[in-house]
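Listing of start-v2.pdb, PDB, C-alpha atoms
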MODEL        1
ATOM      1  CA  MET A 921       7.500 -10.913   2.869
ATOM      2  CA  THR A 922       5.936  -9.530  -0.300
ATOM      3  CA  SER A 923       8.484  -7.752  -2.490
ATOM      4  CA  ALA A 924       7.702  -4.234  -3.603
ATOM      5  CA  THR A 925       9.331  -5.073  -6.937
ATOM      6  CA  SER A 926       6.407  -7.410  -7.636
ATOM      7  CA  TYR A 927       4.152  -4.414  -8.153
ATOM      8  CA  GLU A 928       4.138  -1.826 -10.906
ATOM      9  CA  ASN A 929       2.412   1.134  -9.230
ATOM     10  CA  ILE A 930       2.350   0.289  -5.519
ATOM     11  CA  HIS A 931       5.322   1.139  -3.348
ATOM     12  CA  ASN A 932       6.498   0.188   0.120
ATOM     13  CA  ILE A 933       4.313  -2.899   0.215
ATOM     14  CA  ARG A 934       5.000  -5.957   2.314
ATOM     15  CA  ASP A 935       3.326  -8.937   3.905
ATOM     16  CA  LEU A 936       3.715  -9.222   7.676
ATOM     17  CA  GLY A 937       3.501 -12.970   7.212
ATOM     18  CA  GLY A 938       6.465 -15.012   8.341
ATOM     19  CA  MET A 939       7.513 -12.717  11.184
ATOM     20  CA  ALA A 940       8.375 -14.707  14.294
ATOM     21  CA  THR A 941       6.806 -13.912  17.648
ATOM     22  CA  GLN A 942       8.443 -14.099  21.037
ATOM     23  CA  ASP A 943       6.654 -17.379  21.831
ATOM     24  CA  GLY A 944       8.074 -19.099  18.753
ATOM     25  CA  ARG A 945       5.087 -18.875  16.445
ATOM     26  CA  LYS A 946       4.854 -17.023  13.118
ATOM     27  CA  ILE A 947       2.356 -14.669  11.524
ATOM     28  CA  ALA A 948       0.398 -16.434   8.815
ATOM     29  CA  ALA A 949       1.280 -15.310   5.289
ATOM     30  CA  GLY A 950      -1.139 -13.390   3.087
ATOM     31  CA  ARG A 951      -3.367 -12.100   5.888
ATOM     32  CA  LEU A 952      -1.920  -8.703   6.834
ATOM     33  CA  ILE A 953      -0.421  -6.445   4.161
ATOM     34  CA  ARG A 954       0.942  -2.928   4.731
ATOM     35  CA  SER A 955       1.725  -0.497   1.929
ATOM     36  CA  ALA A 956       1.874   2.987   0.525
ATOM     37  CA  ASN A 957      -1.159   4.204  -1.436
ATOM     38  CA  PRO A 958      -2.488   1.345  -3.605
ATOM     39  CA  GLY A 959      -5.081   3.554  -5.303
ATOM     40  CA  LEU A 960      -3.210   3.831  -8.612
ATOM     41  CA  ALA A 961      -2.568   0.105  -8.856
ATOM     42  CA  SER A 962      -2.096  -1.200 -12.378
ATOM     43  CA  VAL A 963      -4.272  -3.981 -13.770
ATOM     44  CA  ALA A 964      -1.463  -6.422 -12.996
ATOM     45  CA  ASP A 965      -1.186  -5.048  -9.454
ATOM     46  CA  VAL A 966      -4.904  -5.508  -8.868
ATOM     47  CA  THR A 967      -4.690  -9.074 -10.148
ATOM     48  CA  ARG A 968      -1.916  -9.823  -7.644
ATOM     49  CA  LEU A 969      -3.805  -8.202  -4.787
ATOM     50  CA  ARG A 970      -7.071 -10.010  -5.476
ATOM     51  CA  ARG A 971      -5.440 -13.289  -4.493
ATOM     52  CA  TYR A 972      -5.361 -12.112  -0.875
ATOM     53  CA  GLN A 973      -9.165 -11.934  -0.729
ATOM     54  CA  PHE A 974      -9.093  -8.865   1.488
ATOM     55  CA  ASP A 975     -12.046  -8.290   3.755
ATOM     56  CA  ALA A 976     -10.994  -4.646   3.955
ATOM     57  CA  VAL A 977      -8.410  -2.195   2.681
ATOM     58  CA  ILE A 978      -7.978   0.467   5.376
ATOM     59  CA  ASP A 979      -7.018   3.942   4.145
ATOM     60  CA  PHE A 980      -5.562   6.300   6.769
ATOM     61  CA  ARG A 981      -5.246   9.246   4.325
ATOM     62  CA  SER A 982      -7.184  12.480   4.436
ATOM     63  CA  ASN A 983      -9.436  13.473   1.533
ATOM     64  CA  SER A 984      -6.896  16.011   0.284
ATOM     65  CA  GLU A 985      -4.426  13.194  -0.387
ATOM     66  CA  LYS A 986      -6.749  11.331  -2.741
ATOM     67  CA  GLN A 987      -7.220  11.532  -6.505
ATOM     68  CA  SER A 988     -10.272  10.910  -8.658
ATOM     69  CA  SER A 989      -8.181   8.527 -10.770
ATOM     70  CA  GLU A 990      -8.129   6.107  -7.828
ATOM     71  CA  GLN A 991     -11.819   5.273  -8.208
ATOM     72  CA  PRO A 992     -11.261   1.974 -10.101
ATOM     73  CA  PHE A 993      -9.376   0.534  -7.128
ATOM     74  CA  GLY A 994     -12.346   1.250  -4.878
ATOM     75  CA  GLU A 995     -14.627  -0.577  -7.282
ATOM     76  CA  VAL A 996     -12.630  -3.785  -6.805
ATOM     77  CA  PHE A 997     -11.850  -3.732  -3.080
ATOM     78  CA  ASN A 998     -13.732  -2.886   0.112
ATOM     79  CA  TRP A 999     -11.749   0.323   0.532
ATOM     80  CA  ILE A1000     -12.565   1.939   3.878
ATOM     81  CA  ALA A1001     -11.516   5.502   4.685
ATOM     82  CA  ASP A1002     -10.532   6.140   8.301
ATOM     83  CA  PRO A1003      -8.430   9.326   8.097
ATOM     84  CA  ILE A1004      -5.670  10.141  10.541
ATOM     85  CA  GLN A1005      -4.909  13.802   9.975
ATOM     86  CA  VAL A1006      -1.937  14.031  12.278
ATOM     87  CA  GLY A1007       0.552  16.820  11.655
ATOM     88  CA  ASN A1008       0.143  19.293   8.848
ATOM     89  CA  LEU A1009       2.079  18.304   5.751
ATOM     90  CA  SER A1010       0.133  20.531   3.395
ATOM     91  CA  GLN A1011       2.055  22.629   0.918
ATOM     92  CA  ASP A1012       1.192  25.773   2.904
ATOM     93  CA  THR A1013       3.001  24.338   5.916
ATOM     94  CA  VAL A1014       5.850  22.448   4.282
ATOM     95  CA  LEU A1015       7.074  25.216   1.982
ATOM     96  CA  PRO A1016       7.669  27.767   4.775
ATOM     97  CA  MET A1017       9.312  25.017   6.807
ATOM     98  CA  LEU A1018      11.687  24.276   3.947
ATOM     99  CA  LYS A1019      12.442  27.931   3.299
ATOM    100  CA  THR A1020      13.054  29.066   6.861
ATOM    101  CA  GLY A1021      13.398  25.905   8.906
ATOM    102  CA  SER A1022      16.292  23.641   9.781
ATOM    103  CA  VAL A1023      17.005  19.927   9.868
ATOM    104  CA  ASP A1024      16.455  19.997  13.637
ATOM    105  CA  HIS A1025      13.101  21.720  13.200
ATOM    106  CA  SER A1026      11.924  19.117  10.673
ATOM    107  CA  HIS A1027      13.108  16.329  12.944
ATOM    108  CA  SER A1028      11.270  17.827  15.933
ATOM    109  CA  PHE A1029       8.150  18.208  13.808
ATOM    110  CA  MET A1030       8.170  14.477  13.037
ATOM    111  CA  MET A1031       8.810  13.566  16.668
ATOM    112  CA  ASP A1032       5.707  15.541  17.617
ATOM    113  CA  VAL A1033       3.694  13.795  14.911
ATOM    114  CA  TYR A1034       4.542  10.432  16.463
ATOM    115  CA  ARG A1035       3.794  11.641  19.979
ATOM    116  CA  ASP A1036       0.316  12.545  18.744
ATOM    117  CA  PHE A1037      -0.503   9.097  17.343
ATOM    118  CA  PRO A1038      -1.234   7.252  20.615
ATOM    119  CA  VAL A1039      -3.020  10.205  22.219
ATOM    120  CA  HIS A1040      -5.276  11.746  19.585
ATOM    121  CA  TYR A1041      -6.018   8.871  17.207
ATOM    122  CA  GLN A1042      -7.084   6.086  19.521
ATOM    123  CA  THR A1043     -10.483   5.727  17.852
ATOM    124  CA  GLN A1044      -9.039   5.076  14.388
ATOM    125  CA  TYR A1045      -6.424   2.635  15.608
ATOM    126  CA  GLN A1046      -8.963   0.880  17.815
ATOM    127  CA  ARG A1047     -11.214   0.350  14.777
ATOM    128  CA  PHE A1048      -8.235  -1.019  12.874
ATOM    129  CA  LEU A1049      -7.390  -3.514  15.614
ATOM    130  CA  ARG A1050     -11.050  -4.506  16.014
ATOM    131  CA  ARG A1051     -10.843  -5.834  12.462
ATOM    132  CA  ALA A1052      -7.892  -7.955  13.527
ATOM    133  CA  GLU A1053     -10.036  -9.291  16.388
ATOM    134  CA  GLN A1054     -12.590 -10.223  13.719
ATOM    135  CA  ASN A1055      -9.933 -12.264  11.883
ATOM    136  CA  GLN A1056     -10.098 -10.177   8.715
ATOM    137  CA  ASN A1057      -7.659 -10.320   5.833
ATOM    138  CA  MET A1058      -6.465  -6.717   5.673
ATOM    139  CA  MET A1059      -4.400  -4.345   3.654
ATOM    140  CA  TYR A1060      -3.736  -1.028   5.397
ATOM    141  CA  HIS A1061      -2.001   2.060   4.113
ATOM    142  CA  CYS A1062      -1.505   5.817   4.074
ATOM    143  CA  THR A1063       0.256   7.800   1.343
ATOM    144  CA  ALA A1064       3.878   6.711   1.766
ATOM    145  CA  GLY A1065       3.099   3.748   4.027
ATOM    146  CA  LYS A1066       5.587   4.831   6.655
ATOM    147  CA  ASP A1067       4.149   6.996   9.463
ATOM    148  CA  ARG A1068       0.439   6.388  10.065
ATOM    149  CA  THR A1069       0.903   2.899   8.679
ATOM    150  CA  GLY A1070       4.102   2.480  10.677
ATOM    151  CA  PHE A1071       2.331   3.236  13.944
ATOM    152  CA  ALA A1072      -0.517   0.894  13.000
ATOM    153  CA  SER A1073       2.092  -1.823  12.448
ATOM    154  CA  LEU A1074       3.672  -1.099  15.825
ATOM    155  CA  LEU A1075       0.322  -1.711  17.533
ATOM    156  CA  LEU A1076      -0.605  -4.751  15.452
ATOM    157  CA  LEU A1077       2.780  -6.452  15.722
ATOM    158  CA  SER A1078       2.906  -5.725  19.449
ATOM    159  CA  ALA A1079      -0.540  -7.282  19.845
ATOM    160  CA  LEU A1080       0.760 -10.327  17.972
ATOM    161  CA  GLY A1081       3.740 -10.655  20.302
ATOM    162  CA  VAL A1082       6.547  -9.645  17.926
ATOM    163  CA  ASP A1083       9.658  -8.360  19.691
ATOM    164  CA  HIS A1084      10.751  -4.722  19.572
ATOM    165  CA  ALA A1085      13.830  -5.254  17.396
ATOM    166  CA  THR A1086      11.797  -7.025  14.689
ATOM    167  CA  ILE A1087       9.133  -4.308  14.765
ATOM    168  CA  VAL A1088      11.755  -1.595  14.337
ATOM    169  CA  ALA A1089      13.451  -3.514  11.500
ATOM    170  CA  ASP A1090      10.140  -3.735   9.627
ATOM    171  CA  TYR A1091       9.500  -0.047  10.285
ATOM    172  CA  LEU A1092      12.906   0.996   8.925
ATOM    173  CA  GLU A1093      12.347  -1.084   5.793
ATOM    174  CA  SER A1094      10.261   1.850   4.524
ATOM    175  CA  ASN A1095      13.460   3.818   3.935
ATOM    176  CA  ARG A1096      14.735   1.199   1.511
ATOM    177  CA  SER A1097      11.352   0.649  -0.135
ATOM    178  CA  ASN A1098      10.785   4.376  -0.665
ATOM    179  CA  THR A1099      14.322   5.151  -1.874
ATOM    180  CA  ALA A1100      13.406   5.853  -5.504
ATOM    181  CA  ASN A1101      10.388   7.994  -4.640
ATOM    182  CA  ASN A1102      12.293   9.950  -2.009
ATOM    183  CA  ARG A1103      15.116  10.630  -4.443
ATOM    184  CA  GLN A1104      12.630  12.124  -6.913
ATOM    185  CA  VAL A1105      11.042  14.335  -4.259
ATOM    186  CA  LEU A1106      14.405  15.619  -3.042
ATOM    187  CA  ALA A1107      15.473  16.368  -6.624
ATOM    188  CA  GLN A1108      12.304  18.433  -7.124
ATOM    189  CA  VAL A1109      12.880  20.276  -3.856
ATOM    190  CA  GLU A1110      16.425  21.136  -4.867
ATOM    191  CA  LYS A1111      15.260  22.173  -8.328
ATOM    192  CA  TYR A1112      13.110  24.859  -6.737
ATOM    193  CA  GLY A1113      16.014  26.147  -4.681
ATOM    194  CA  LEU A1114      14.879  24.636  -1.397
ATOM    195  CA  PRO A1115      17.212  22.707   0.941
ATOM    196  CA  PRO A1116      16.785  18.930   0.512
ATOM    197  CA  ALA A1117      18.375  18.290   3.923
ATOM    198  CA  VAL A1118      15.449  20.058   5.625
ATOM    199  CA  MET A1119      12.962  17.928   3.676
ATOM    200  CA  ALA A1120      14.689  14.603   4.346
ATOM    201  CA  PRO A1121      13.378  14.098   7.921
ATOM    202  CA  LEU A1122       9.825  14.359   6.555
ATOM    203  CA  LEU A1123      10.462  11.634   3.972
ATOM    204  CA  LEU A1124      12.440   9.159   6.042
ATOM    205  CA  VAL A1125      11.638   7.076   9.081
ATOM    206  CA  GLU A1126      13.915   6.909  12.100
ATOM    207  CA  ALA A1127      13.860   4.592  15.085
ATOM    208  CA  ALA A1128      13.709   7.754  17.213
ATOM    209  CA  TYR A1129      10.291   8.595  15.742
ATOM    210  CA  LEU A1130       8.820   5.255  16.746
ATOM    211  CA  ASP A1131      10.529   5.506  20.113
ATOM    212  CA  ALA A1132       8.822   8.867  20.686
ATOM    213  CA  ALA A1133       5.417   7.204  20.333
ATOM    214  CA  ILE A1134       6.454   4.293  22.542
ATOM    215  CA  GLU A1135       7.700   6.693  25.213
ATOM    216  CA  VAL A1136       4.263   8.334  25.343
ATOM    217  CA  ILE A1137       2.619   4.916  25.597
ATOM    218  CA  ASN A1138       4.938   3.894  28.425
ATOM    219  CA  LYS A1139       4.777   7.128  30.419
ATOM    220  CA  THR A1140       1.127   8.036  29.905
ATOM    221  CA  TYR A1141      -0.581   4.659  29.665
ATOM    222  CA  GLY A1142       1.684   2.253  31.559
ATOM    223  CA  GLY A1143       3.159   0.351  28.643
ATOM    224  CA  MET A1144       2.075  -1.299  25.404
ATOM    225  CA  LYS A1145       0.079  -4.130  27.004
ATOM    226  CA  GLU A1146      -1.920  -1.656  29.083
ATOM    227  CA  TYR A1147      -2.413   0.629  26.101
ATOM    228  CA  LEU A1148      -3.702  -2.151  23.855
ATOM    229  CA  GLU A1149      -5.848  -3.993  26.371
ATOM    230  CA  ARG A1150      -7.065  -1.297  28.766
ATOM    231  CA  VAL A1151      -6.991   1.962  26.767
ATOM    232  CA  LEU A1152      -8.017   0.579  23.386
ATOM    233  CA  GLY A1153      -9.895  -2.404  24.850
ATOM    234  CA  ILE A1154      -8.287  -4.894  22.464
ATOM    235  CA  ASN A1155      -8.220  -8.650  23.029
ATOM    236  CA  THR A1156      -4.618  -9.453  22.106
ATOM    237  CA  ALA A1157      -5.063 -13.169  22.811
ATOM    238  CA  LEU A1158      -7.819 -13.299  20.189
ATOM    239  CA  ILE A1159      -5.679 -11.492  17.637
ATOM    240  CA  ARG A1160      -2.867 -13.982  18.228
ATOM    241  CA  ALA A1161      -5.242 -16.907  17.858
ATOM    242  CA  ASN A1162      -6.452 -15.458  14.550
ATOM    243  CA  TYR A1163      -3.128 -14.875  12.791
ATOM    244  CA  LEU A1164      -0.397 -16.989  14.408
ATOM    245  CA  CYS A1165       0.583 -20.454  13.360
TER     246      CYS A1165
ENDMDL
END
Target encoding structure tokens, full file:
Amino acid sequence: MTSATSYENIHNIRDLGGMATQDGRKIAAGRLIRSANPGLASVADVTRLRRYQFDAVIDFRSNSEKQSSEQPFGEVFNWIADPIQVGNLSQDTVLPMLKTGSVDHSHSFMMDVYRDFPVHYQTQYQRFLRRAEQNQNMMYHCTAGKDRTGFASLLLLSALGVDHATIVADYLESNRSNTANNRQVLAQVEKYGLPPAVMAPLLLVEAAYLDAAIEVINKTYGGMKEYLERVLGINTALIRANYLC
């Protein structure tokens, strides 16, 4: 697994390589990388990333999350925008939530975000998994690399045959990887007289969030296998042949 400490300006980054599958195989290293926004990568970061020879870097962010200073990254990599605009985390929404909301309200908000992923964003996630069918070396990300990217990882790792406990462990790793950034955000929130505890559920990942998405998949679509193969039309056997060793 790639260590986030290896990078200067990219957070919450890791290689899915080395994860074991339920049939005893492992994901090949250096083929599938998940991360937070890599757009402000330093020169040294770009040098490290070039070694992966990515066919595509998939960006799940909306346009409002991007900065003009990220342009150099796009000049080096095949950076493909496929926005997933789930939830509304704009300042206009978050500030009233922090001022008048509660921890329970923030938690419920995130649960609803995850329930939306498998229902309303099938096209984006299908395109993502089609690239896996095509045996591409991929980096995929959103802003913090935890929610949109976390659900993408759930689908990809499930297609590869990784067990639930391992998928959840990788998902929860975002809390550790984002610790420093989250601490800064919470300090700023408190500085402006807003309750950090209400903000925390928006910054962290919880197994319950991922479980909310899985529950929708199970109840609405008949389970993960049916969702991947029938609803999204993905060839999981091909994906396994591409990346497992």
Inset, instruction - Given the file shown, enumerate the residues that the PyMOL selection byres ((chain A and resi 1022) around 12) captures and present them as a list of chain:residue names. - result: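 Applying the expression gives A:Val1014, A:Pro1016, A:Met1017, A:Leu1018, A:Lys1019, A:Thr1020, A:Gly1021, A:Val1023, A:Asp1024, A:His1025, A:Ser1026, A:His1027, A:Ser1028, A:Phe1029, A:Leu1114, A:Pro1115, A:Pro1116, A:Ala1117, A:Val1118, A:Met1119, A:Ala1120, A:Pro1121, A:Leu1122.
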Compile a residue-level contact table for stretch 1053-1130 of chain A against stretch 956-971 of chain A at a cut-off of 9 Å, reporting for every qualifying residue the shortest atom pair and its distance in Å to one decimal, with only C-alpha atoms counted, rows ordered by chain and ascending number, as a Markdown table.
| residue | atom | partner | partner_atom | distance |
| --- | --- | --- | --- | --- |
| A:Tyr1060 | CA | A:Ala956 | CA | 8.4 |
| A:His1061 | CA | A:Ala956 | CA | 5.4 |
| A:Cys1062 | CA | A:Ala956 | CA | 5.7 |
| A:Thr1063 | CA | A:Asn957 | CA | 4.8 |
| A:Ala1064 | CA | A:Ala956 | CA | 4.4 |
| A:Gly1065 | CA | A:Ala956 | CA | 3.8 |
| A:Lys1066 | CA | A:Ala956 | CA | 7.4 |
| A:Thr1069 | CA | A:Ala956 | CA | 8.2 |
Take the residues from that selection and put them in a file with C-alpha atoms, as an mmCIF file, in the frame of the given file.
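Listed below is the output, part_25.cif:
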data_model
loop_
_atom_site.group_PDB
_atom_site.id
_atom_site.type_symbol
_atom_site.label_atom_id
_atom_site.label_comp_id
_atom_site.auth_asym_id
_atom_site.auth_seq_id
_atom_site.Cartn_x
_atom_site.Cartn_y
_atom_site.Cartn_z
ATOM 1 C CA TYR A 1060 -3.736 -1.028 5.397
ATOM 2 C CA HIS A 1061 -2.001 2.060 4.113
ATOM 3 C CA CYS A 1062 -1.505 5.817 4.074
ATOM 4 C CA THR A 1063 0.256 7.800 1.343
ATOM 5 C CA ALA A 1064 3.878 6.711 1.766
ATOM 6 C CA GLY A 1065 3.099 3.748 4.027
ATOM 7 C CA LYS A 1066 5.587 4.831 6.655
ATOM 8 C CA THR A 1069 0.903 2.899 8.679
#
Inset, instruction - Measure the distance from atom CA of A:Ile978 to atom CA of A:Ser955 in Å and round it to one decimal. - result: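 Going from atom CA of A:Ile978 over to atom CA of A:Ser955 covers 10.3 Å.
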Inset, instruction - Take atom CA of A:Val1105 and atom CA of A:Trp999 and report the distance between them in Å, one decimal. - result: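 One can read the atom CA of A:Val1105 to atom CA of A:Trp999 distance as 27.2 Å.
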Inset, instruction - Can you work out which one of A:Lys986, A:Arg1096, A:Arg1035, A:Arg954 has the shortest atom-to-atom distance to A:Ala1128, counting all atoms listed in the file? - result: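 Checking each of A:Lys986, A:Arg1096, A:Arg1035, A:Arg954 against A:Ala1128, counting all atoms listed in the file, the winner is A:Arg1035.
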Legend entry - Result set of the PyMOL selection byres ((chain A and resi 951) around 8) on the coordinates above, as number ranges by chain: A: 935-937, 948-950, 952-953, 972, 974, 1056-1058, 1163
Legend entry - Residue neighbourhood A:Tyr1147, 10 Å, only C-alpha atoms, exclusion window fewer than 4 positions, as a PyMOL selection string: chain A and resi 1038+1042+1075+1137-1138+1140-1143+1151-1154
Is it possible to get the axis-aligned box enclosing stretch 1055-1066 of chain A (all listed atoms, 8 Å extra per side) as lines of an AutoDock Vina configuration file, with centre and edge lengths in Å rounded to one decimal?
center_x = -2.3
center_y = -2.2
center_z = 6.6
size_x = 31.7
size_y = 36.1
size_z = 26.5
Inset, instruction - Give the answer as one residue: which of A:Leu1158, A:Leu1148, A:Val996, A:Met1059 has the shortest atom-to-atom distance to A:Gln1046, using all atoms listed in the file? - result: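 Between A:Leu1158, A:Leu1148, A:Val996, A:Met1059, the residue approaching A:Gln1046 most closely is A:Leu1148.
Coordinates place atom CA of A:Glu985 at a distance of 22.9 Å from atom CA of A:Glu1093.
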Inset, instruction - Could you check which of A:Asp1083, A:Glu1053, A:Asp1002, A:Glu1135 is closest to A:Arg945, using all atoms listed in the file? - result: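 For A:Arg945, the nearest of the candidates is A:Asp1083.
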Inset, instruction - Please check which residues have atoms at most 8 Å from (14.8, -0.3, 19.7) in the file's coordinates, counting all atoms listed in the file, and write them as a count of residues only. - result: 5
